[in-house]
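Structure file final_33.csv with CSV, C-alpha atoms:
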chain,number,residue,atom,x,y,z
A,1,MET,CA,42.5,-22.8,-11.9
A,2,ASP,CA,42.5,-23.5,-15.7
A,3,GLN,CA,42.1,-20.0,-17.3
A,4,SER,CA,40.8,-21.6,-20.5
A,5,VAL,CA,37.6,-22.6,-18.6
A,6,LEU,CA,34.8,-19.9,-18.9
A,7,LEU,CA,32.6,-19.8,-15.8
A,8,VAL,CA,29.1,-18.4,-16.2
A,9,SER,CA,27.2,-17.3,-13.1
A,10,HIS,CA,24.2,-15.1,-12.5
A,11,GLY,CA,23.8,-12.1,-10.2
A,12,PRO,CA,24.1,-10.1,-8.3
A,13,HIS,CA,26.3,-8.0,-10.6
A,14,VAL,CA,24.4,-4.7,-10.3
A,15,ARG,CA,25.5,-2.4,-7.5
A,16,SER,CA,23.4,0.5,-6.1
A,17,LYS,CA,23.8,3.1,-3.5
A,18,ASN,CA,20.2,2.7,-2.5
A,19,THR,CA,19.7,1.2,0.9
A,20,THR,CA,16.5,0.2,2.7
A,21,GLN,CA,16.8,3.3,4.9
A,22,ARG,CA,17.2,5.6,1.8
A,23,ILE,CA,14.2,4.0,0.1
A,24,MET,CA,12.0,4.2,3.2
A,25,LEU,CA,13.0,7.8,3.7
A,26,ASP,CA,11.9,8.6,0.1
A,27,VAL,CA,8.5,6.9,0.8
A,28,LEU,CA,8.1,9.0,4.0
A,29,ILE,CA,8.9,12.2,2.0
A,30,ALA,CA,6.4,11.2,-0.6
A,31,LEU,CA,3.7,10.7,2.1
A,32,VAL,CA,4.2,14.3,3.5
A,33,PRO,CA,1.8,16.0,1.1
A,34,ALA,CA,-1.0,13.5,2.1
A,35,LEU,CA,-0.2,14.2,5.8
A,36,ILE,CA,-0.4,17.9,5.3
A,37,ALA,CA,-3.7,17.4,3.4
A,38,SER,CA,-5.1,15.3,6.2
A,39,VAL,CA,-4.4,18.1,8.7
A,40,LEU,CA,-6.1,20.7,6.5
A,41,ILE,CA,-9.1,18.4,5.9
A,42,PHE,CA,-9.6,16.7,9.2
A,43,GLY,CA,-7.8,18.8,11.7
A,44,TRP,CA,-4.9,18.3,14.1
A,45,ARG,CA,-6.2,14.9,15.4
A,46,SER,CA,-4.9,13.3,12.2
A,47,LEU,CA,-1.4,14.0,13.5
A,48,ALA,CA,-2.3,12.3,16.8
A,49,VAL,CA,-3.5,9.2,15.0
A,50,THR,CA,-0.4,9.1,12.8
A,51,ALA,CA,1.9,9.7,15.7
A,52,VAL,CA,0.3,6.8,17.7
A,53,CYS,CA,0.6,4.4,14.8
A,54,VAL,CA,4.2,5.3,14.0
A,55,LEU,CA,5.3,5.2,17.7
A,56,THR,CA,3.6,1.9,18.3
A,57,CYS,CA,5.1,0.3,15.2
A,58,VAL,CA,8.6,1.4,16.0
A,59,VAL,CA,8.4,0.4,19.7
A,60,CYS,CA,6.8,-3.0,18.8
A,61,GLU,CA,9.5,-3.7,16.2
A,62,TRP,CA,12.3,-2.7,18.7
A,63,LEU,CA,10.9,-4.8,21.6
A,64,PHE,CA,10.1,-7.9,19.4
A,65,GLU,CA,13.6,-8.0,17.9
A,66,ARG,CA,15.2,-7.4,21.2
A,67,LEU,CA,13.2,-10.2,22.8
A,68,CYS,CA,14.0,-12.6,19.9
A,69,LYS,CA,17.6,-11.5,19.9
A,70,ARG,CA,17.5,-10.4,16.3
A,71,GLU,CA,19.4,-7.6,14.6
A,72,ASN,CA,17.6,-4.3,15.3
A,73,THR,CA,16.0,-2.9,12.1
A,74,VAL,CA,14.2,0.2,13.5
A,75,ALA,CA,16.8,2.5,11.8
A,76,ASP,CA,15.8,1.3,8.4
A,77,LEU,CA,12.5,3.3,8.8
A,78,SER,CA,10.3,0.5,7.5
A,79,ALA,CA,8.3,0.4,10.7
A,80,ALA,CA,7.7,4.1,10.5
A,81,VAL,CA,6.5,3.7,6.9
A,82,THR,CA,4.1,1.0,8.0
A,83,GLY,CA,2.8,3.2,10.8
A,84,VAL,CA,2.1,6.1,8.5
A,85,LEU,CA,0.4,3.9,5.9
A,86,LEU,CA,-1.8,2.3,8.5
A,87,ALA,CA,-2.8,5.7,9.9
A,88,PHE,CA,-3.7,6.9,6.4
A,89,ASN,CA,-6.1,4.0,6.2
A,90,LEU,CA,-8.0,4.9,9.4
A,91,PRO,CA,-10.7,7.5,10.0
A,92,VAL,CA,-9.8,10.5,12.0
A,93,GLY,CA,-12.1,9.7,14.9
A,94,ILE,CA,-10.6,6.2,15.5
A,95,PRO,CA,-9.9,5.6,19.2
A,96,LEU,CA,-6.2,5.9,19.7
A,97,TRP,CA,-6.0,2.5,21.5
A,98,GLN,CA,-7.5,0.8,18.4
A,99,ALA,CA,-4.9,2.6,16.2
A,100,ALA,CA,-2.2,1.2,18.6
A,101,PHE,CA,-3.8,-2.3,18.4
A,102,GLY,CA,-3.7,-2.2,14.6
A,103,SER,CA,-0.1,-1.1,14.6
A,104,LEU,CA,0.8,-4.1,16.9
A,105,VAL,CA,-0.9,-6.5,14.5
A,106,ALA,CA,0.9,-5.0,11.5
A,107,ILE,CA,4.4,-5.2,13.0
A,108,VAL,CA,4.3,-8.3,15.3
A,109,VAL,CA,1.8,-10.6,13.6
A,110,VAL,CA,2.2,-9.7,9.9
A,111,LYS,CA,5.8,-8.6,9.7
A,112,GLN,CA,8.0,-10.0,12.5
A,113,LEU,CA,6.4,-13.4,13.1
A,114,PHE,CA,7.2,-14.1,9.4
A,115,GLY,CA,10.8,-13.2,9.8
A,116,GLY,CA,10.9,-9.4,9.5
A,117,ILE,CA,11.3,-7.1,6.5
A,118,GLY,CA,11.4,-8.8,3.2
A,119,LYS,CA,9.9,-12.0,4.5
A,120,ASN,CA,6.3,-11.1,5.2
A,121,PHE,CA,3.8,-12.5,2.8
A,122,ALA,CA,1.4,-9.6,2.8
A,123,ASN,CA,1.5,-5.8,3.2
A,124,PRO,CA,1.4,-5.2,7.0
A,125,ALA,CA,-0.6,-2.0,6.9
A,126,ILE,CA,-3.2,-3.5,4.5
A,127,THR,CA,-3.6,-6.6,6.6
A,128,ALA,CA,-3.9,-4.7,9.8
A,129,ARG,CA,-6.6,-2.5,8.3
A,130,ILE,CA,-8.6,-5.6,7.4
A,131,VAL,CA,-8.2,-7.0,10.9
A,132,MET,CA,-9.4,-3.7,12.3
A,133,LEU,CA,-12.4,-3.7,9.9
A,134,LEU,CA,-13.4,-7.0,11.2
A,135,SER,CA,-12.7,-6.2,14.9
A,136,PHE,CA,-13.9,-2.6,15.1
A,137,ALA,CA,-16.6,-2.3,12.4
A,138,GLY,CA,-18.3,0.7,14.0
A,139,SER,CA,-15.3,3.0,14.6
A,140,MET,CA,-13.7,1.9,11.3
A,141,SER,CA,-16.8,3.0,9.3
A,142,SER,CA,-17.4,6.3,11.1
A,143,PHE,CA,-15.9,9.0,8.8
A,144,SER,CA,-15.6,12.7,9.0
A,145,ALA,CA,-15.7,15.3,6.2
A,146,LYS,CA,-14.5,18.3,8.1
A,147,SER,CA,-12.1,19.1,10.9
A,148,ASP,CA,-15.1,19.5,13.3
A,149,ALA,CA,-15.4,15.7,13.1
A,150,VAL,CA,-19.0,15.8,11.8
A,151,SER,CA,-19.9,12.3,10.7
A,152,SER,CA,-20.2,11.9,6.9
A,153,ALA,CA,-20.6,9.0,4.5
A,154,THR,CA,-17.8,8.4,2.1
A,155,PRO,CA,-18.4,9.0,-1.6
A,156,LEU,CA,-18.4,5.3,-2.3
A,157,ALA,CA,-21.0,4.7,0.3
A,158,SER,CA,-23.1,7.6,-1.0
A,159,MET,CA,-22.8,6.2,-4.5
A,160,ALA,CA,-23.9,2.7,-3.4
A,161,ALA,CA,-26.9,4.3,-1.6
A,162,GLY,CA,-27.8,6.4,-4.7
A,163,GLU,CA,-27.1,9.7,-2.8
A,164,PRO,CA,-25.6,12.8,-4.4
A,165,LEU,CA,-21.9,12.9,-4.8
A,166,PRO,CA,-19.4,15.8,-4.3
A,167,SER,CA,-18.1,17.5,-7.4
A,168,LEU,CA,-15.0,16.0,-9.2
A,169,LEU,CA,-13.0,19.0,-7.9
A,170,ASP,CA,-14.0,18.3,-4.3
A,171,LEU,CA,-13.1,14.6,-4.9
A,172,PHE,CA,-9.7,15.6,-6.3
A,173,LEU,CA,-8.9,18.0,-3.4
A,174,GLY,CA,-10.2,15.6,-0.8
A,175,ARG,CA,-13.1,17.7,0.5
A,176,HIS,CA,-15.2,14.7,1.6
A,177,GLY,CA,-15.4,11.9,4.1
A,178,GLY,CA,-12.9,9.1,4.2
A,179,SER,CA,-9.7,7.8,5.8
A,180,LEU,CA,-6.9,10.2,6.7
A,181,GLY,CA,-4.6,9.8,3.8
A,182,GLU,CA,-6.9,8.6,1.0
A,183,THR,CA,-9.1,11.6,0.3
A,184,CYS,CA,-6.8,14.1,-1.4
A,185,ALA,CA,-6.0,12.7,-4.8
A,186,LEU,CA,-3.8,15.7,-5.6
A,187,ALA,CA,-1.5,15.0,-2.5
A,188,ILE,CA,-1.2,11.3,-3.4
A,189,LEU,CA,-0.3,12.1,-7.0
A,190,LEU,CA,2.4,14.5,-5.8
A,191,GLY,CA,3.9,11.7,-3.7
A,192,GLY,CA,3.5,9.2,-6.4
A,193,VAL,CA,5.3,11.4,-8.9
A,194,TYR,CA,8.1,11.9,-6.4
A,195,LEU,CA,8.5,8.1,-6.0
A,196,LEU,CA,8.6,7.6,-9.8
A,197,CYS,CA,11.1,10.4,-10.3
A,198,ARG,CA,13.3,8.9,-7.6
A,199,ARG,CA,12.9,5.5,-9.2
A,200,VAL,CA,11.7,4.0,-5.9
A,201,ILE,CA,8.7,2.5,-7.8
A,202,THR,CA,8.0,1.9,-11.5
A,203,TRP,CA,4.9,3.0,-13.4
A,204,HIS,CA,3.7,-0.6,-14.2
A,205,THR,CA,1.5,-1.4,-11.1
A,206,PRO,CA,0.0,2.0,-10.3
A,207,VAL,CA,-0.9,2.8,-14.0
A,208,VAL,CA,-2.3,-0.7,-14.7
A,209,PHE,CA,-4.2,-0.8,-11.4
A,210,ILE,CA,-5.9,2.5,-11.9
A,211,GLY,CA,-6.3,1.9,-15.7
A,212,THR,CA,-8.0,-1.4,-15.0
A,213,VAL,CA,-10.5,0.2,-12.6
A,214,PHE,CA,-11.2,2.9,-15.2
A,215,VAL,CA,-11.9,0.5,-18.0
A,216,PHE,CA,-14.0,-2.0,-16.1
A,217,THR,CA,-16.1,0.6,-14.3
A,218,TRP,CA,-16.8,2.3,-17.6
A,219,LEU,CA,-17.8,-1.0,-19.2
A,220,LEU,CA,-20.2,-1.6,-16.3
A,221,GLY,CA,-21.8,1.8,-16.7
A,222,GLU,CA,-20.2,3.4,-13.6
A,223,ASP,CA,-18.4,6.7,-13.5
A,224,PRO,CA,-14.7,5.9,-13.9
A,225,LEU,CA,-13.4,9.2,-12.5
A,226,VAL,CA,-15.5,8.9,-9.4
A,227,HIS,CA,-14.1,5.4,-8.7
A,228,ILE,CA,-10.6,6.6,-9.3
A,229,LEU,CA,-10.8,9.7,-7.1
A,230,THR,CA,-12.6,8.0,-4.1
A,231,GLY,CA,-11.7,5.4,-1.6
A,232,GLY,CA,-8.2,4.0,-1.2
A,233,LEU,CA,-7.5,3.4,-4.9
A,234,MET,CA,-4.9,6.1,-5.4
A,235,LEU,CA,-3.2,5.5,-2.0
A,236,GLY,CA,-3.2,1.7,-2.6
A,237,ALA,CA,-1.9,1.9,-6.2
A,238,PHE,CA,1.1,4.1,-5.5
A,239,PHE,CA,2.1,3.2,-1.9
A,240,MET,CA,0.9,-0.3,-1.1
A,241,ALA,CA,0.6,-2.2,-4.3
A,242,THR,CA,4.2,-1.3,-5.0
A,243,ASP,CA,5.7,-2.8,-1.8
A,244,TYR,CA,8.9,-4.6,-2.6
A,245,SER,CA,8.4,-7.6,-0.3
A,246,THR,CA,4.8,-8.5,-1.2
A,247,THR,CA,4.5,-7.7,-4.9
A,248,PRO,CA,6.2,-9.2,-8.0
A,249,SER,CA,9.6,-7.9,-9.0
A,250,THR,CA,9.3,-8.5,-12.7
A,251,LYS,CA,7.7,-6.0,-15.2
A,252,TRP,CA,5.1,-8.4,-16.4
A,253,GLY,CA,4.5,-9.6,-12.9
A,254,LYS,CA,3.7,-6.0,-11.9
A,255,VAL,CA,1.3,-5.7,-14.8
A,256,ILE,CA,-0.5,-8.9,-13.9
A,257,PHE,CA,-0.6,-7.8,-10.2
A,258,GLY,CA,-2.1,-4.4,-11.2
A,259,VAL,CA,-4.7,-6.0,-13.4
A,260,GLY,CA,-5.7,-8.4,-10.7
A,261,CYS,CA,-5.9,-5.6,-8.1
A,262,GLY,CA,-8.0,-3.5,-10.4
A,263,LEU,CA,-10.4,-6.3,-11.4
A,264,ILE,CA,-11.0,-7.5,-7.8
A,265,THR,CA,-11.5,-3.9,-6.6
A,266,VAL,CA,-14.2,-3.3,-9.3
A,267,LEU,CA,-16.0,-6.6,-8.5
A,268,ILE,CA,-16.2,-5.8,-4.8
A,269,ARG,CA,-17.2,-2.2,-5.3
A,270,VAL,CA,-19.9,-2.9,-8.0
A,271,PHE,CA,-21.3,-6.3,-7.0
A,272,GLY,CA,-20.2,-6.7,-3.3
A,273,ASN,CA,-22.0,-5.6,-0.1
A,274,TYR,CA,-18.9,-3.6,1.0
A,275,PRO,CA,-18.4,-0.3,-0.9
A,276,GLU,CA,-14.6,-0.5,-0.9
A,277,GLY,CA,-12.4,-3.3,-2.3
A,278,VAL,CA,-8.8,-2.0,-2.5
A,279,SER,CA,-7.5,-3.5,0.7
A,280,PHE,CA,-9.0,-6.9,0.0
A,281,ALA,CA,-7.8,-6.8,-3.6
A,282,ILE,CA,-4.2,-6.0,-2.6
A,283,LEU,CA,-4.2,-8.7,0.1
A,284,PHE,CA,-5.5,-11.3,-2.3
A,285,MET,CA,-2.9,-10.5,-4.9
A,286,ASN,CA,-0.2,-10.5,-2.2
A,287,ILE,CA,-1.0,-14.1,-1.6
A,288,LEU,CA,-0.6,-14.8,-5.4
A,289,THR,CA,2.7,-12.9,-5.7
A,290,PRO,CA,5.0,-15.9,-5.4
A,291,TYR,CA,3.2,-17.7,-8.2
A,292,ILE,CA,3.1,-14.6,-10.4
A,293,SER,CA,6.8,-14.1,-9.9
A,294,LYS,CA,7.5,-17.7,-10.8
A,295,TRP,CA,5.4,-17.5,-13.9
A,296,THR,CA,7.0,-14.3,-15.1
A,297,ARG,CA,10.6,-14.8,-14.1
A,298,ARG,CA,13.1,-14.9,-17.0
A,299,LYS,CA,15.6,-17.7,-17.2
A,300,PRO,CA,19.2,-16.4,-16.8
A,301,PHE,CA,21.4,-16.7,-19.9
A,302,GLY,CA,23.1,-20.1,-19.8
A,303,GLY,CA,20.9,-21.2,-16.9
A,304,VAL,CA,19.2,-24.5,-16.6
A,305,LYS,CA,15.4,-24.8,-16.2
A,306,HIS,CA,14.4,-26.4,-12.9
A,307,GLU,CA,11.0,-28.1,-12.6

Show how you would write the structure in this file as structure tokens.
Amino acid sequence: MDQSVLLVSHGPHVRSKNTTQRIMLDVLIALVPALIASVLIFGWRSLAVTAVCVLTCVVCEWLFERLCKRENTVADLSAAVTGVLLAFNLPVGIPLWQAAFGSLVAIVVVKQLFGGIGKNFANPAITARIVMLLSFAGSMSSFSAKSDAVSSATPLASMAAGEPLPSLLDLFLGRHGGSLGETCALAILLGGVYLLCRRVITWHTPVVFIGTVFVFTWLLGEDPLVHILTGGLMLGAFFMATDYSTTPSTKWGKVIFGVGCGLITVLIRVFGNYPEGVSFAILFMNILTPYISKWTRRKPFGGVKHE
């Protein structure tokens, strides 16, 4: 080869010791505080719901890949993470067979039918939760505030009905009705800080998502702190709106994604008939992710622009 010719090519030039398994393990570690909080708030049945979701996700992934003669990916822990995240979006009293059904939808329909990890167009846990909301409206809207499983309205439902709300301290510590992993803001923050320190996620999407909700709820005359500390906002912002496969990879893309999630969440919460909007917001922005990534992708130095 002529050594006088300079060849310019783009990535990958950056090497990292991070593997999918290592990243997913970090996510599982970050979810431990919320799991502990769910046991303290809702009782030991929260562990049963989580175990069923994780076991079903892992088994479904193993069986599907074996039947399709694909490389087995159970060891990368992504199925386990999906199971925990789905469980955290479910009420403690959910029938276990419904939790298993949602796990099957998440792994088989949303993840594996689209090619497996990295190829799914939407977050599996979020999509499965929406499917369950449409399929099992009764059990998915029956929440508990205490470990004795006494039925209780969520703060967002109480706010929509004009009923008294728990104190900000109770909201922060999770002493109210809601899904397993979304009530204790303190536990979610601990997990989010861990992911930021480990550089598993960046600050862009979580901060912009939460900040957008704060600004728009304040402009609309709502209590911003109540909106931030209730529902699935904190859990969604740190653990599901930061999914590598279904969210933009560029910094500006993450910012746009966060703004979109926050705006749609506020519109649904304030003007919609349904008190919560985080899941629908993230799913909608997941669909727009390829376009956001294309609009915000930087052209490599020396590269040629393709139409």

From the options A:Lys119, A:His227, A:Val207, A:Thr154, which residue's atoms come nearest to Leu168 of chain A, counting all atoms listed in the file?
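Under the stated criterion, the closest residue is A:His227.
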
Find the residue from A:Pro33, A:Gly178, A:Pro290, A:Pro124 that sits nearest to Gly253 of chain A; use only C-alpha atoms when measuring.
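Counting only C-alpha atoms, the residue closest to Gly253 of chain A is A:Pro290.
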
Show me a table, sorted first by chain and then by increasing residue number, of the residues of segment 6-75 of chain A having an atom at most 7 Å from segment 83-101 of chain A, each with its shortest atom pair and the distance in Å to one decimal, counting only C-alpha atoms and written as CSV.
residue,atom,partner,partner_atom,distance
A:Phe42,CA,A:Val92,CA,6.8
A:Arg45,CA,A:Val92,CA,6.6
A:Ser46,CA,A:Val92,CA,5.6
A:Val49,CA,A:Ala87,CA,6.2
A:Thr50,CA,A:Ala87,CA,5.1
A:Val52,CA,A:Ala100,CA,6.2
A:Cys53,CA,A:Gly83,CA,4.7
A:Val54,CA,A:Gly83,CA,4.1
A:Thr56,CA,A:Ala100,CA,5.8
A:Cys57,CA,A:Gly83,CA,5.7

Segment 128-130 of chain A environment, 9 Å, all atoms listed in the file, sequence neighbours closer than 3 positions dropped, as a list in words
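These residues fall inside the cut-off: Leu86, Asn89, Leu90, Phe101, Gly102, Ser103, Leu104, Val105, Ala106, Ile107, Val110, Asn123, Pro124, Ala125, Leu133, Leu134, Ser135, Met140, Ser279 and Phe280 of chain A.
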
List as a ChimeraX atom specification the residues having at least one atom at most 9 Å from position (-18.9, -0.1, -1.3) as given in the file, counting all atoms listed in the file.
/A:156-160,268-277

One residue among A:Val278, A:Leu63, A:Ile228, A:Ala37 is nearest to Leu173 of chain A when using only C-alpha atoms, and that residue is A:Ala37

Find the residues around Glu71 of chain A up to 12 Å (all atoms listed in the file counted), leave out those fewer than 5 positions away in its own chain, and share them as number ranges by chain.
A: 61-66, 76, 112, 115-117

C-alpha atoms of the current selection, written as a short mmCIF file (atom, residue, chain, number, x, y, z; two decimals), in the frame of the given file:
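Saved the output as selection_15.cif:
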data_model
loop_
_atom_site.label_atom_id
_atom_site.label_comp_id
_atom_site.auth_asym_id
_atom_site.auth_seq_id
_atom_site.Cartn_x
_atom_site.Cartn_y
_atom_site.Cartn_z
CA GLU A 61 9.50 -3.70 16.20
CA TRP A 62 12.30 -2.70 18.70
CA LEU A 63 10.90 -4.80 21.60
CA PHE A 64 10.10 -7.90 19.40
CA GLU A 65 13.60 -8.00 17.90
CA ARG A 66 15.20 -7.40 21.20
CA ASP A 76 15.80 1.30 8.40
CA GLN A 112 8.00 -10.00 12.50
CA GLY A 115 10.80 -13.20 9.80
CA GLY A 116 10.90 -9.40 9.50
CA ILE A 117 11.30 -7.10 6.50
#

Pick from A:Phe114, A:Thr212, A:Cys197, A:Thr246: nearest to Ile264 of chain A, with all atoms listed in the file counted?
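Closest residue, counting all atoms listed in the file: A:Thr212.
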
Tell me, in Å to one decimal, how far atom CA of Leu25 of chain A is from atom CA of Phe239 of chain A.
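These atoms are spaced 13.1 Å apart.
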
Quick check, in Å to one decimal: how far apart do atom CA of Ala281 of chain A and atom CA of Thr217 of chain A lie?
15.4 Å

Long-range neighbours of Leu28 of chain A as a ChimeraX atom specification, 12 Å cut-off, all atoms listed in the file, 2 positions minimum in chain
/A:21-26,30-35,54,76-85,191-192,194-195,200,239

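The gap separating atom CA of Phe121 of chain A from atom CA of Ile210 of chain A is 23.1 Å, in Å to one decimal.
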
Please determine, counting only C-alpha atoms, which residue among A:Ser142, A:Thr183, A:Thr73, A:Thr250 has the shortest atom-to-atom distance to Ser293 of chain A.
A:Thr250

From the list A:Thr242, A:Ala137, A:Leu219, A:Ser249, the nearest residue to Lys294 of chain A using all atoms listed in the file is A:Ser249
